[in-house]
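Participant: First the structure, which I've put down as structure tokens, then a few questions once you've had a look.
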Amino acid sequence: MRKTPPSPCSAPPSSPPSAPSSPTPAPASASAFKGLPSEVWTIFAGTIVNRLGYLVTPFLVFFLASRGVTGGDTSYVLGALGAGNLIGPAVGGILADRIGRRPTMLLGLIGAAAAQGALFLAPGVWTMAGSALLISAAGSAVSPAAYALLADAVDSERRRRAYALFGWGVNIGTAVAGVLGGYLAARGYWLLFVVDAGSMLLYALVVAIRLPEPDRSAPARRTKDGLGYGVVLQDRLALLLLPLFGVQLFVYSLTEVALPLAVRDSGLSPAVYGAMAAVNAILVVALQPFATAWLARLPQLAVQSAGSALIAVGVALTGLADGVVGYTLSVVVWSLGEVVVAGIAAAVFADLAPSHARGRYQGAFSWTWGTARFGALTLGVTTYTTLDPAVLWWTAGAAGTLTAAITLSLRAGVESRTTRTLAA
């Protein structure tokens, strides 16, 4: 049920500054993604292929157990997997601005595919942990480059739709992968690794053949700002938004990390959690195009704030659920919020970024997603298991709602800044 820095959602899981005057979109009955250039559709198709092979991570605990790795040793491998999500986006953002979007994507995809093979062949816990670190670091380095390339390919008014299409591809691929993974795992874990590595290499082939490297200008600005993250750290508005989005992403990540614990503690079977994942996938895949078209007429940060509040309410409702109906209601609410926010956070950062630093701005946003998910795996689970689970659910609901309100208060500043950036 997990996506990318998507969006916030995902952010990722996956994501108006772009148009203070609120451009009029195509009607909701029309295609939400009509008119996007071929680069966007190529990344969309490649993302579906890549996510169809997102199989090893959901079944990693079971694979480790089959190799005799249990208990505390498992936490080392999972911790390394989480740490890679903190390293990859930071490196990927710098590389995207330094060597280019396409080379960075190729390095990440090929590197992650090689690391999949290394993990399968690893003889011990520490080599497994090292391989897991490389898988997540290389894989997460792809997102900042892909986000930056999308920003290069479309103008400000279409970025929100481009990022929403990217997130939709993630959801489509993830939904199919959930079914495919269970089928393949029953026939041998090696199949998971083969499909994972194969899908990454296929996506790399698509990138190599179909994606041109955009022409990036402004060498003087690149020299002035350097090649590190100083350009982001000097941006006060970005520094205000990153932690706000980070809290919202943390709340969203609890749907993957803590929801299974709640289902288990209610005495329900794993099949119930699988059904919740199916509800989420069906809603997002079915509603995303219509929601994107209809909401495009509204200011981005207003929509982002409303969707984030909806996610927070849905997560908080988990604290009241104790049966299938209650959990289904909570999943429906936060899934609708996920649909609403799709593509906005990434679009906001693309619009704030000067053209020569888009990779690093997207790297900072992707790093925030990795930090949020890592926090959910550590702080979230610790709060759930050592305190009362209600503390986690209601604190998350309050934090998500509060940060949504603060984000909305920044709307005027973001729109003013976006206008200046686009005019520069």
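So you can find residues: chains in the structure tokens are A, B, ... in the order shown, residues in each start at 1, and ligands are numbered from 1 in order.
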Identify, on the basis of only C-alpha atoms, every residue whose closest approach to Leu329 (chain A) does not exceed 12 Å; exclude the query and any residue fewer than 6 positions from it along the same chain; express the result as a ChimeraX atom specification.

Facilitator: /A:276,279-280,313-323,335-336

Participant: From region 169-268 of chain A, collect each residue whose DSSP state is alpha helix (DSSP H) and return the set as a PyMOL selection string.

Facilitator: chain A and resi 169-185+189-210+219-225+230-233+236-257+259-265

Participant: Using only C-alpha atoms for the distances, tell me which of A:Ala177, A:Ala162, A:Leu78, A:Leu133 is nearest to Phe33 (chain A).

Facilitator: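 Ranking A:Ala177, A:Ala162, A:Leu78, A:Leu133 by distance to Phe33 (chain A), first place goes to A:Ala162.
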
Participant: Expressed in Å to a single decimal, how great is the separation between CA of Gly130 (chain A) and CA of Arg67 (chain A)?

Facilitator: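 These atoms are spaced 16.0 Å apart.
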
Participant: Suppose you want the space between CA of Thr418 (chain A) and CA of Leu240 (chain A); what is it in Å?

Facilitator: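 Separation between CA of Thr418 (chain A) and CA of Leu240 (chain A): 15.1 Å.
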
Participant: Give me the residues near Leu106 (chain A) as a list in words, where near means some atom within 9 Å (using only C-alpha atoms) and where sequence neighbours in that chain fewer than 6 positions away do not count.

Facilitator: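 The filter keeps Val142, Leu201, Tyr203, Ala204, Leu205, Val207 and Ala208 of chain A.
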
Participant: Separation of CA of Met128 (chain A) and CA of Leu95 (chain A), in Å?

Facilitator: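 Separation of CA of Met128 (chain A) and CA of Leu95 (chain A): 26.2 Å.
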
Participant: Considering only C-alpha atoms, state which residue in the set A:Gly307, A:Gly100, A:Gly124, A:Pro144 is at the smallest distance from Gly337 (chain A).

Facilitator: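 Residue with the minimum atom-to-atom distance to Gly337 (chain A): A:Gly307.
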
Participant: For Ala113 (chain A), which of A:Leu387, A:Ala278, A:Ile209, A:Ile135 is the closest residue, counting only C-alpha atoms?

Facilitator: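 Of the candidates, the smallest distance to Ala113 (chain A) is held by A:Ile135.
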
Participant: Might you pull out every residue within 7 Å of region 361-374 of chain A, with only C-alpha atoms counted and same-chain residues fewer than 5 positions away left off, and present them as JSON, numbers by chain?

Facilitator: {"A": [5, 10, 11, 12, 82, 85, 86, 89, 90, 92, 93, 144, 147, 148, 232, 242, 246, 247, 249, 250, 253, 349, 353]}

Participant: Produce a file of the selected residues containing N, CA, C and O atoms, as a PDB file, in the first residue's frame.

Facilitator:
ATOM      1  N   PRO A   5       7.644   9.185  -2.794  1.00  0.00           N
ATOM      2  CA  PRO A   5       7.540  10.497  -2.313  1.00  0.00           C
ATOM      3  C   PRO A   5       6.677  11.197  -3.178  1.00  0.00           C
ATOM      4  O   PRO A   5       6.892  12.212  -3.670  1.00  0.00           O
ATOM      5  N   SER A  10       4.532   9.060  -0.304  1.00  0.00           N
ATOM      6  CA  SER A  10       4.540   9.267  -0.820  1.00  0.00           C
ATOM      7  C   SER A  10       4.317  10.609  -0.711  1.00  0.00           C
ATOM      8  O   SER A  10       4.436   9.593  -0.401  1.00  0.00           O
ATOM      9  N   ALA A  11       4.685  10.519  -0.545  1.00  0.00           N
ATOM     10  CA  ALA A  11       4.653  11.245  -0.559  1.00  0.00           C
ATOM     11  C   ALA A  11       4.404  11.423  -0.748  1.00  0.00           C
ATOM     12  O   ALA A  11       5.347  11.055  -0.143  1.00  0.00           O
ATOM     13  N   PRO A  12       5.128   7.847  -1.470  1.00  0.00           N
ATOM     14  CA  PRO A  12       5.679   8.885  -1.726  1.00  0.00           C
ATOM     15  C   PRO A  12       5.532   9.470  -2.062  1.00  0.00           C
ATOM     16  O   PRO A  12       5.317  10.011  -0.433  1.00  0.00           O
ATOM     17  N   GLY A  82      16.155   1.447   5.608  1.00  0.00           N
ATOM     18  CA  GLY A  82      15.642   2.777   5.903  1.00  0.00           C
ATOM     19  C   GLY A  82      16.705   3.851   5.776  1.00  0.00           C
ATOM     20  O   GLY A  82      16.439   4.950   5.275  1.00  0.00           O
ATOM     21  N   ASN A  85      17.321   5.308   2.336  1.00  0.00           N
ATOM     22  CA  ASN A  85      16.347   6.304   1.882  1.00  0.00           C
ATOM     23  C   ASN A  85      16.696   7.709   2.351  1.00  0.00           C
ATOM     24  O   ASN A  85      16.076   8.685   1.897  1.00  0.00           O
ATOM     25  N   LEU A  86      17.650   7.820   3.265  1.00  0.00           N
ATOM     26  CA  LEU A  86      18.133   9.131   3.685  1.00  0.00           C
ATOM     27  C   LEU A  86      19.336   9.565   2.862  1.00  0.00           C
ATOM     28  O   LEU A  86      19.572  10.753   2.669  1.00  0.00           O
ATOM     29  N   PRO A  89      18.317  10.189  -1.789  1.00  0.00           N
ATOM     30  CA  PRO A  89      17.770  11.447  -2.315  1.00  0.00           C
ATOM     31  C   PRO A  89      18.761  12.601  -2.274  1.00  0.00           C
ATOM     32  O   PRO A  89      18.805  13.422  -3.202  1.00  0.00           O
ATOM     33  N   ALA A  90      19.558  12.678  -1.202  1.00  0.00           N
ATOM     34  CA  ALA A  90      20.526  13.766  -1.094  1.00  0.00           C
ATOM     35  C   ALA A  90      21.575  13.678  -2.199  1.00  0.00           C
ATOM     36  O   ALA A  90      21.914  14.678  -2.849  1.00  0.00           O
ATOM     37  N   GLY A  92      21.227  11.897  -5.029  1.00  0.00           N
ATOM     38  CA  GLY A  92      20.549  11.995  -6.315  1.00  0.00           C
ATOM     39  C   GLY A  92      20.259  13.427  -6.717  1.00  0.00           C
ATOM     40  O   GLY A  92      20.371  13.785  -7.900  1.00  0.00           O
ATOM     41  N   GLY A  93      19.896  14.279  -5.771  1.00  0.00           N
ATOM     42  CA  GLY A  93      19.622  15.670  -6.083  1.00  0.00           C
ATOM     43  C   GLY A  93      20.852  16.405  -6.583  1.00  0.00           C
ATOM     44  O   GLY A  93      20.792  17.187  -7.539  1.00  0.00           O
ATOM     45  N   PRO A 144      14.682  12.243  -7.300  1.00  0.00           N
ATOM     46  CA  PRO A 144      14.967  13.667  -7.529  1.00  0.00           C
ATOM     47  C   PRO A 144      15.267  13.978  -8.995  1.00  0.00           C
ATOM     48  O   PRO A 144      14.843  15.022  -9.507  1.00  0.00           O
ATOM     49  N   TYR A 147      11.914  13.780 -10.918  1.00  0.00           N
ATOM     50  CA  TYR A 147      11.100  14.956 -10.605  1.00  0.00           C
ATOM     51  C   TYR A 147      11.656  16.197 -11.301  1.00  0.00           C
ATOM     52  O   TYR A 147      10.902  17.023 -11.827  1.00  0.00           O
ATOM     53  N   ALA A 148      12.987  16.351 -11.285  1.00  0.00           N
ATOM     54  CA  ALA A 148      13.600  17.506 -11.923  1.00  0.00           C
ATOM     55  C   ALA A 148      13.383  17.466 -13.434  1.00  0.00           C
ATOM     56  O   ALA A 148      13.136  18.499 -14.069  1.00  0.00           O
ATOM     57  N   VAL A 232      19.397  25.558  -1.206  1.00  0.00           N
ATOM     58  CA  VAL A 232      18.136  25.221  -0.539  1.00  0.00           C
ATOM     59  C   VAL A 232      18.136  25.748   0.891  1.00  0.00           C
ATOM     60  O   VAL A 232      17.140  26.306   1.365  1.00  0.00           O
ATOM     61  N   LEU A 242       9.498  22.455   4.186  1.00  0.00           N
ATOM     62  CA  LEU A 242      10.024  21.090   4.316  1.00  0.00           C
ATOM     63  C   LEU A 242       9.568  20.391   5.602  1.00  0.00           C
ATOM     64  O   LEU A 242       9.078  19.265   5.551  1.00  0.00           O
ATOM     65  N   GLY A 246       7.093  17.379   5.933  1.00  0.00           N
ATOM     66  CA  GLY A 246       7.657  16.210   6.599  1.00  0.00           C
ATOM     67  C   GLY A 246       6.704  15.609   7.628  1.00  0.00           C
ATOM     68  O   GLY A 246       6.543  14.389   7.704  1.00  0.00           O
ATOM     69  N   VAL A 247       6.062  16.454   8.425  1.00  0.00           N
ATOM     70  CA  VAL A 247       5.100  15.959   9.409  1.00  0.00           C
ATOM     71  C   VAL A 247       3.915  15.304   8.699  1.00  0.00           C
ATOM     72  O   VAL A 247       3.427  14.238   9.104  1.00  0.00           O
ATOM     73  N   LEU A 249       3.925  13.900   5.779  1.00  0.00           N
ATOM     74  CA  LEU A 249       4.394  12.632   5.222  1.00  0.00           C
ATOM     75  C   LEU A 249       4.557  11.580   6.312  1.00  0.00           C
ATOM     76  O   LEU A 249       4.307  10.393   6.082  1.00  0.00           O
ATOM     77  N   PHE A 250       4.981  11.998   7.492  1.00  0.00           N
ATOM     78  CA  PHE A 250       5.089  11.075   8.624  1.00  0.00           C
ATOM     79  C   PHE A 250       3.723  10.493   8.971  1.00  0.00           C
ATOM     80  O   PHE A 250       3.576   9.285   9.172  1.00  0.00           O
ATOM     81  N   SER A 253       2.773   8.018   6.393  1.00  0.00           N
ATOM     82  CA  SER A 253       3.568   6.792   6.469  1.00  0.00           C
ATOM     83  C   SER A 253       3.067   5.835   7.534  1.00  0.00           C
ATOM     84  O   SER A 253       3.315   4.630   7.459  1.00  0.00           O
ATOM     85  N   PHE A 349       7.666  22.589  -4.916  1.00  0.00           N
ATOM     86  CA  PHE A 349       9.122  22.724  -4.856  1.00  0.00           C
ATOM     87  C   PHE A 349       9.727  22.940  -6.236  1.00  0.00           C
ATOM     88  O   PHE A 349      10.747  23.642  -6.375  1.00  0.00           O
ATOM     89  N   ALA A 353      11.993  26.370  -7.094  1.00  0.00           N
ATOM     90  CA  ALA A 353      13.404  26.175  -7.406  1.00  0.00           C
ATOM     91  C   ALA A 353      13.849  26.984  -8.624  1.00  0.00           C
ATOM     92  O   ALA A 353      13.152  27.016  -9.635  1.00  0.00           O
TER      93      ALA A 353
END

Participant: Near Gly84 (chain A), counting only C-alpha atoms, which residues have an atom at most 7 Å away, once you skip same-chain residues fewer than 3 positions from it, shown as a list of chain:residue names?

Facilitator: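 Contacts, in chain order: A:Ala80, A:Leu81, A:Ile87, A:Gly88, A:Leu133, A:Leu134, A:Ser136, A:Ala137.
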
Participant: Name the residues in contact with Ala275 (chain A) at a cut-off of 12 Å, using only C-alpha atoms, excluding same-chain residues fewer than 2 positions from it; report them as a PyMOL selection string.

Facilitator: chain A and resi 1+175+178-179+260+263+268-273+277-282+324-325+327-328+331-332

Participant: Keeping only N, CA, C and O atoms, write the selected residues to a file as a compact mmCIF listing (two decimals), in the first residue's frame.

Facilitator:
# COMPACT_ATOMS: atom_id res chain seq x y z
N MET A 1 0.84 -1.17 0.00
CA MET A 1 0.00 0.00 0.00
C MET A 1 0.88 1.22 0.00
O MET A 1 0.44 2.32 0.11
N ALA A 175 -0.18 -1.51 -7.07
CA ALA A 175 -1.38 -2.34 -6.90
C ALA A 175 -1.20 -3.70 -7.56
O ALA A 175 -1.52 -4.75 -6.97
N GLY A 178 1.39 -5.91 -5.67
CA GLY A 178 0.91 -6.56 -4.46
C GLY A 178 0.36 -7.95 -4.73
O GLY A 178 0.58 -8.90 -3.96
N VAL A 179 -0.35 -8.09 -5.84
CA VAL A 179 -0.89 -9.40 -6.22
C VAL A 179 0.21 -10.30 -6.77
O VAL A 179 0.34 -11.46 -6.40
N PRO A 260 -0.84 -2.06 10.12
CA PRO A 260 -0.81 -3.52 10.27
C PRO A 260 -0.78 -3.96 11.73
O PRO A 260 -1.39 -4.98 12.09
N VAL A 263 -4.37 -3.65 13.09
CA VAL A 263 -5.20 -4.75 12.59
C VAL A 263 -4.90 -6.04 13.34
O VAL A 263 -5.80 -6.76 13.77
N LEU A 268 -7.67 -9.42 14.13
CA LEU A 268 -8.04 -9.69 12.75
C LEU A 268 -6.88 -10.35 12.01
O LEU A 268 -5.72 -10.21 12.38
N SER A 269 -7.19 -11.03 10.94
CA SER A 269 -6.18 -11.79 10.20
C SER A 269 -5.40 -10.88 9.25
O SER A 269 -5.87 -9.78 8.90
N PRO A 270 -4.21 -11.33 8.80
CA PRO A 270 -3.46 -10.56 7.80
C PRO A 270 -4.26 -10.30 6.53
O PRO A 270 -4.01 -9.32 5.82
N ALA A 271 -5.22 -11.19 6.24
CA ALA A 271 -6.04 -11.00 5.04
C ALA A 271 -6.84 -9.70 5.12
O ALA A 271 -7.13 -9.08 4.09
N VAL A 272 -7.18 -9.28 6.33
CA VAL A 272 -7.92 -8.02 6.49
C VAL A 272 -7.03 -6.84 6.08
O VAL A 272 -7.48 -5.92 5.39
N TYR A 273 -5.77 -6.89 6.50
CA TYR A 273 -4.85 -5.83 6.08
C TYR A 273 -4.68 -5.83 4.57
O TYR A 273 -4.61 -4.78 3.93
N ALA A 277 -5.40 -2.77 1.92
CA ALA A 277 -4.48 -2.34 0.87
C ALA A 277 -5.20 -2.30 -0.47
O ALA A 277 -4.98 -1.39 -1.29
N ALA A 278 -6.06 -3.26 -0.70
CA ALA A 278 -6.81 -3.30 -1.96
C ALA A 278 -7.78 -2.12 -2.06
O ALA A 278 -7.94 -1.52 -3.13
N VAL A 279 -8.45 -1.79 -0.94
CA VAL A 279 -9.36 -0.65 -0.92
C VAL A 279 -8.61 0.63 -1.28
O VAL A 279 -9.06 1.44 -2.11
N ASN A 280 -7.45 0.82 -0.66
CA ASN A 280 -6.63 2.00 -0.95
C ASN A 280 -6.24 2.06 -2.43
O ASN A 280 -6.38 3.09 -3.09
N ALA A 281 -5.75 0.94 -2.96
CA ALA A 281 -5.28 0.91 -4.35
C ALA A 281 -6.42 1.19 -5.32
O ALA A 281 -6.27 1.96 -6.28
N ILE A 282 -7.56 0.58 -5.09
CA ILE A 282 -8.70 0.75 -5.99
C ILE A 282 -9.17 2.20 -6.00
O ILE A 282 -9.43 2.79 -7.06
N VAL A 324 -13.62 -4.67 10.94
CA VAL A 324 -13.42 -4.46 9.51
C VAL A 324 -14.07 -3.17 9.04
O VAL A 324 -13.47 -2.40 8.28
N VAL A 325 -15.27 -2.89 9.50
CA VAL A 325 -15.99 -1.69 9.05
C VAL A 325 -15.24 -0.43 9.48
O VAL A 325 -15.06 0.51 8.68
N TYR A 327 -12.02 -0.04 10.23
CA TYR A 327 -10.77 0.12 9.50
C TYR A 327 -11.02 0.52 8.05
O TYR A 327 -10.29 1.33 7.48
N THR A 328 -12.05 -0.02 7.46
CA THR A 328 -12.37 0.34 6.08
C THR A 328 -12.72 1.81 5.98
O THR A 328 -12.28 2.52 5.05
N VAL A 331 -9.54 3.87 6.18
CA VAL A 331 -8.75 3.76 4.95
C VAL A 331 -9.38 4.58 3.83
O VAL A 331 -8.67 5.25 3.05
N VAL A 332 -10.70 4.56 3.73
CA VAL A 332 -11.38 5.35 2.70
C VAL A 332 -11.09 6.84 2.90
O VAL A 332 -10.79 7.56 1.93

Participant: So that I can see what lies close to Gly380 (chain A), please list as a list in words the residues with an atom at most 12 Å from it, counting only C-alpha atoms and leaving out residues fewer than 5 positions away in the same chain.

Facilitator: Val247, Phe250, Val251, Tyr252, Ser253, Leu254, Thr255, Glu256, Val257, Ala258, Leu259, Leu261, Ala372, Arg373, Phe374, Gly375, Thr385, Thr386, Leu387, Asp388, Pro389, Ala390, Val391, Leu392, Trp393, Thr395 and Ala396 of chain A

Participant: Go through A:Pro103, A:Gly173, A:Gly274, A:Gly326 one by one, measure the shortest atom-to-atom distance of each to Ser199 (chain A) using only C-alpha atoms, and give the residue with the smallest value.

Facilitator: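 So, comparing all the options, the nearest one is A:Gly173.
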
Participant: Identify which of the residues A:Gly167, A:Gly71, A:Pro354, A:Gly79 lies closest to Thr47 (chain A), counting only C-alpha atoms when measuring atom-to-atom distances.

Facilitator: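 Looking at the shortest contact to Thr47 (chain A), the residue is A:Gly167.
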
Participant: With only C-alpha atoms as the atoms that count, which of A:Leu202, A:Ala405, A:Leu377, A:Leu233 lies nearest to Arg360 (chain A)?

Facilitator: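 Nearest to Arg360 (chain A): A:Leu233.
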